[in-house]
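Input: a single structure, listed below in structure tokens.
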Amino acid sequence: MSDRLLEVEDLVVEYPVKGRRAAPLRVLKDVSVDIRAGECVGLVGESGSGKTTLGRAVLGLAPVTGGSIRYGGRDISHLSRRERRALSADIQVVFQDPYTSLNPAMTIEQILAEPLTVRDVDRAEARRRVRDLLDQVQLPADAGNRLPREFSGGQRQRIAIARALALEPRLIVCDEPVSALDLSTQARVLELFKEIQERTGVAYLFVSHDLAVVRHLSHRVAVMYRGEIVEWGDGDQVTSRPQHPYTQKLLLAAPVPDPVKQQQRRAERRRLLTAQRQAGQPAGALS
Ligand SMILES: Nc1ncnc2c1ncn2[C@@H]1O[C@H](COP(=O)(O)OP(=O)(O)OP(=O)(O)O)[C@@H](O)[C@H]1O
């Protein structure tokens, strides 16, 4: 049996375009990637490259027009609503914006208990589980009585993570979960993601435009460019010694705290762009 939890093979996602003869917009082109149980796979690429669409396809929220997505060996590319709902205990999501992803009218306890009570967990048990979830994301027990607006961005993202953990999923699609946070909050929330993964063995598909964020967590990394995966492999290899010119540019564009290193990278980036221009290659989106 395969040790793959999720297998995406030759995936194509297309959106219809208005106009009778217009060809559909092909957003993902034969994308193949897989995630093992307990693994973090980072998905990087610039804005519009198709990262979110891949995450949405895994969640059943994007139209799959070719290829397949298998979870635990079962094809989940075209599930009915009922089948998809049953799968939501296994595959969860944390969205980018902690300000819009939590219902502002519900208390934190109601938000965290909802997925449990929908599945007939009794109220006393749900209350116990909510306390445990708050503890897992390092929020105090009395946070349950409060509303989302009473929390900072980082705390709200902790609540969103707790909600995703409520049903003990095996896979969480994390769609830019730290990019709306300031740098020091980002670091703390990333540590939390890491700690949860080590403790629970949950797998992540971790979407980010920021190679530094992905490097911190990912066992393997896939790099997307214009709807295709251009590089895919071991996280250290891809983020430190990338082979594809697009990944090299992505790496060189990442901010570096050390100004000397930053200057070296700028010089290296200029050399790379000049070499590409001389070789007659297109400069690419990052130039
Ligand atoms: N519902 C939709 N209908 C039509 N086109 C769409 C739809 N959703 C996404 N697209 C297009 O698909 C392409 C990829 O978008 P996607 O959001 O997956 O990129 P991304 O890499 O996640 O970018 P970002 O980092 O900005 O979120 C874009 O050109 C986008 O305009």
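Letters A, B, ... go to the chains of the structure tokens in the order shown; residues in each chain start at 1; ligands are counted from 1 in the same order.
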
message: Need to verify the contact set: Gln110 (chain A), 8 Å, only C-alpha atoms, exclusion of same-chain residues closer than 4 positions in sequence. Can you return it as a list in words?
response: Met106, Glu114 and Gly144 of chain A

Contacts of Asp132 (chain A) at 10 Å or less, counting only C-alpha atoms, minus same-chain residues fewer than 5 places along, as an mmCIF file with N, CA and C atoms, in the first residue's frame?
data_model
loop_
_atom_site.group_PDB
_atom_site.id
_atom_site.type_symbol
_atom_site.label_atom_id
_atom_site.label_comp_id
_atom_site.auth_asym_id
_atom_site.auth_seq_id
_atom_site.Cartn_x
_atom_site.Cartn_y
_atom_site.Cartn_z
ATOM 1 N N ALA A 126 -18.187 18.457 24.389
ATOM 2 C CA ALA A 126 -17.748 19.534 23.489
ATOM 3 C C ALA A 126 -17.059 20.639 24.293
ATOM 4 N N ARG A 127 -17.631 20.969 25.461
ATOM 5 C CA ARG A 127 -17.032 22.025 26.287
ATOM 6 C C ARG A 127 -15.635 21.611 26.750
ATOM 7 N N VAL A 137 -3.595 25.670 21.433
ATOM 8 C CA VAL A 137 -3.106 26.839 20.687
ATOM 9 C C VAL A 137 -2.647 27.956 21.633
ATOM 10 N N GLN A 138 -2.441 27.572 22.890
ATOM 11 C CA GLN A 138 -1.869 28.463 23.907
ATOM 12 C C GLN A 138 -2.701 29.721 24.144
ATOM 13 N N LEU A 139 -4.029 29.520 24.210
ATOM 14 C CA LEU A 139 -4.917 30.620 24.606
ATOM 15 C C LEU A 139 -5.560 30.250 25.949
ATOM 16 N N ALA A 141 -8.254 29.586 29.001
ATOM 17 C CA ALA A 141 -9.565 28.923 28.975
ATOM 18 C C ALA A 141 -10.703 29.939 28.901
ATOM 19 N N ALA A 162 -7.260 26.315 16.003
ATOM 20 C CA ALA A 162 -7.973 25.443 16.951
ATOM 21 C C ALA A 162 -9.224 24.868 16.291
ATOM 22 N N ALA A 166 -10.317 20.803 15.565
ATOM 23 C CA ALA A 166 -11.411 20.266 16.404
ATOM 24 C C ALA A 166 -11.753 18.827 16.059
#

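Between CA of Gln237 (chain A) and CA of Arg215 (chain A) the separation is 10.0 Å.
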
I'd like a table as JSON lines: residues in chain A with an atom no more than 10 Å from ligand 1, each row giving the shortest atom pair and its distance in Å to one decimal, only C-alpha atoms and all ligand atoms counted, sorted by chain and rising residue number.
{"residue": "A:Val13", "atom": "CA", "partner": "ligand 1", "partner_atom_place_in_ligand_line": "12 (O)", "distance": 8.9}
{"residue": "A:Glu14", "atom": "CA", "partner": "ligand 1", "partner_atom_place_in_ligand_line": "4 (C)", "distance": 8.0}
{"residue": "A:Tyr15", "atom": "CA", "partner": "ligand 1", "partner_atom_place_in_ligand_line": "4 (C)", "distance": 5.1}
{"residue": "A:Pro16", "atom": "CA", "partner": "ligand 1", "partner_atom_place_in_ligand_line": "4 (C)", "distance": 7.2}
{"residue": "A:Val17", "atom": "CA", "partner": "ligand 1", "partner_atom_place_in_ligand_line": "4 (C)", "distance": 7.6}
{"residue": "A:Pro24", "atom": "CA", "partner": "ligand 1", "partner_atom_place_in_ligand_line": "4 (C)", "distance": 9.1}
{"residue": "A:Leu25", "atom": "CA", "partner": "ligand 1", "partner_atom_place_in_ligand_line": "5 (N)", "distance": 6.8}
{"residue": "A:Arg26", "atom": "CA", "partner": "ligand 1", "partner_atom_place_in_ligand_line": "12 (O)", "distance": 7.8}
{"residue": "A:Val27", "atom": "CA", "partner": "ligand 1", "partner_atom_place_in_ligand_line": "12 (O)", "distance": 4.9}
{"residue": "A:Leu28", "atom": "CA", "partner": "ligand 1", "partner_atom_place_in_ligand_line": "14 (C)", "distance": 7.8}
{"residue": "A:Leu43", "atom": "CA", "partner": "ligand 1", "partner_atom_place_in_ligand_line": "21 (O)", "distance": 9.2}
{"residue": "A:Val44", "atom": "CA", "partner": "ligand 1", "partner_atom_place_in_ligand_line": "21 (O)", "distance": 7.9}
{"residue": "A:Gly45", "atom": "CA", "partner": "ligand 1", "partner_atom_place_in_ligand_line": "21 (O)", "distance": 6.1}
{"residue": "A:Glu46", "atom": "CA", "partner": "ligand 1", "partner_atom_place_in_ligand_line": "21 (O)", "distance": 5.8}
{"residue": "A:Ser47", "atom": "CA", "partner": "ligand 1", "partner_atom_place_in_ligand_line": "26 (O)", "distance": 3.5}
{"residue": "A:Gly48", "atom": "CA", "partner": "ligand 1", "partner_atom_place_in_ligand_line": "19 (O)", "distance": 3.4}
{"residue": "A:Ser49", "atom": "CA", "partner": "ligand 1", "partner_atom_place_in_ligand_line": "21 (O)", "distance": 3.8}
{"residue": "A:Gly50", "atom": "CA", "partner": "ligand 1", "partner_atom_place_in_ligand_line": "18 (O)", "distance": 3.2}
{"residue": "A:Lys51", "atom": "CA", "partner": "ligand 1", "partner_atom_place_in_ligand_line": "22 (O)", "distance": 4.0}
{"residue": "A:Thr52", "atom": "CA", "partner": "ligand 1", "partner_atom_place_in_ligand_line": "22 (O)", "distance": 3.6}
{"residue": "A:Thr53", "atom": "CA", "partner": "ligand 1", "partner_atom_place_in_ligand_line": "18 (O)", "distance": 3.7}
{"residue": "A:Leu54", "atom": "CA", "partner": "ligand 1", "partner_atom_place_in_ligand_line": "18 (O)", "distance": 6.6}
{"residue": "A:Gly55", "atom": "CA", "partner": "ligand 1", "partner_atom_place_in_ligand_line": "18 (O)", "distance": 8.1}
{"residue": "A:Arg56", "atom": "CA", "partner": "ligand 1", "partner_atom_place_in_ligand_line": "18 (O)", "distance": 8.2}
{"residue": "A:Ala57", "atom": "CA", "partner": "ligand 1", "partner_atom_place_in_ligand_line": "18 (O)", "distance": 9.7}
{"residue": "A:Leu61", "atom": "CA", "partner": "ligand 1", "partner_atom_place_in_ligand_line": "1 (N)", "distance": 9.3}
{"residue": "A:Ala62", "atom": "CA", "partner": "ligand 1", "partner_atom_place_in_ligand_line": "1 (N)", "distance": 7.5}
{"residue": "A:Pro63", "atom": "CA", "partner": "ligand 1", "partner_atom_place_in_ligand_line": "1 (N)", "distance": 9.0}
{"residue": "A:Gln96", "atom": "CA", "partner": "ligand 1", "partner_atom_place_in_ligand_line": "27 (O)", "distance": 9.2}
{"residue": "A:Asp175", "atom": "CA", "partner": "ligand 1", "partner_atom_place_in_ligand_line": "22 (O)", "distance": 8.1}
{"residue": "A:Glu176", "atom": "CA", "partner": "ligand 1", "partner_atom_place_in_ligand_line": "25 (O)", "distance": 7.8}
{"residue": "A:Ser179", "atom": "CA", "partner": "ligand 1", "partner_atom_place_in_ligand_line": "25 (O)", "distance": 9.9}
{"residue": "A:Val207", "atom": "CA", "partner": "ligand 1", "partner_atom_place_in_ligand_line": "22 (O)", "distance": 7.8}
{"residue": "A:Ser208", "atom": "CA", "partner": "ligand 1", "partner_atom_place_in_ligand_line": "25 (O)", "distance": 7.1}
{"residue": "A:His209", "atom": "CA", "partner": "ligand 1", "partner_atom_place_in_ligand_line": "25 (O)", "distance": 5.9}
{"residue": "A:Asp210", "atom": "CA", "partner": "ligand 1", "partner_atom_place_in_ligand_line": "25 (O)", "distance": 9.6}
{"residue": "A:Met224", "atom": "CA", "partner": "ligand 1", "partner_atom_place_in_ligand_line": "21 (O)", "distance": 7.6}
{"residue": "A:Tyr225", "atom": "CA", "partner": "ligand 1", "partner_atom_place_in_ligand_line": "21 (O)", "distance": 8.2}
{"residue": "A:Arg226", "atom": "CA", "partner": "ligand 1", "partner_atom_place_in_ligand_line": "14 (C)", "distance": 7.8}
{"residue": "A:Gly227", "atom": "CA", "partner": "ligand 1", "partner_atom_place_in_ligand_line": "14 (C)", "distance": 7.0}

Could the residues of region 166-239 of chain A that have an atom at most 8 Å from region 77-91 of chain A be listed as CSV, each with its closest atom pair and the distance in Å to one decimal, counting only C-alpha atoms and ordered by chain and ascending residue number?
residue,atom,partner,partner_atom,distance
A:Leu167,CA,A:Ala89,CA,5.3
A:Glu168,CA,A:Ala89,CA,7.0
A:Pro169,CA,A:Asp90,CA,4.2
A:Arg170,CA,A:Asp90,CA,5.2
A:Leu171,CA,A:Ile91,CA,4.9
A:Ile172,CA,A:Ile91,CA,5.7
A:Val173,CA,A:Ile91,CA,7.4

Export, as a PDB file, in the first residue's frame, the selected residues with C-alpha atoms.
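For reference, selection-v2.pdb as written:
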ATOM      1  CA  LEU A 167     -12.175  17.130  14.388  1.00  0.00           C
ATOM      2  CA  GLU A 168      -8.602  15.798  14.573  1.00  0.00           C
ATOM      3  CA  PRO A 169      -7.976  15.981  10.806  1.00  0.00           C
ATOM      4  CA  ARG A 170      -5.145  14.169   9.029  1.00  0.00           C
ATOM      5  CA  LEU A 171      -4.508  17.013   6.594  1.00  0.00           C
ATOM      6  CA  ILE A 172      -4.832  20.797   6.891  1.00  0.00           C
ATOM      7  CA  VAL A 173      -4.693  23.066   3.858  1.00  0.00           C
TER       8      VAL A 173
END

- prompt: From the list A:Val238, A:Leu116, A:Ile108, A:Val33, which residue is nearest Asp142 (chain A) when using only C-alpha atoms?
  reply: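 Distance minimum relative to Asp142 (chain A) lands on A:Ile108.
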
task: Please report, as a ChimeraX atom specification, each residue of region 79-252 of chain A to which DSSP assigns alpha helix (DSSP H) when run on this structure's backbone.
output: /A:81-87,108-118,123-136,153-165,183-200,211-217,235-240,245-252

task: Would you please give, as a PyMOL selection string, all residues of region 89-251 of chain A that DSSP assigns to strand (DSSP E or B) based on the backbone?
output: chain A and resi 91-94+171-175+203-208+220-225+228-234

- prompt: When distances are computed from only C-alpha atoms, which of A:Arg131, A:Lys194, A:Arg188, A:Arg146 shows the smallest separation from Leu217 (chain A)?
  reply: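 For Leu217 (chain A), the nearest of the candidates is A:Lys194.
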
message: I need the residue nearest Phe95 (chain A) from this list: A:Leu192, A:Ile161, A:Leu211, A:Pro242. Use only C-alpha atoms for the distance.
response: A:Ile161

field: Best match for closeness to Ala37 (chain A) among A:Val121, A:Leu205, A:Ala253, A:Ala222, counting only C-alpha atoms
entry: A:Leu205

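Between Tyr71 (chain A) and the candidates A:Asp234, A:Arg129, A:Ser184, A:Arg4, the tightest atom-to-atom separation, counting only C-alpha atoms, involves A:Arg4.
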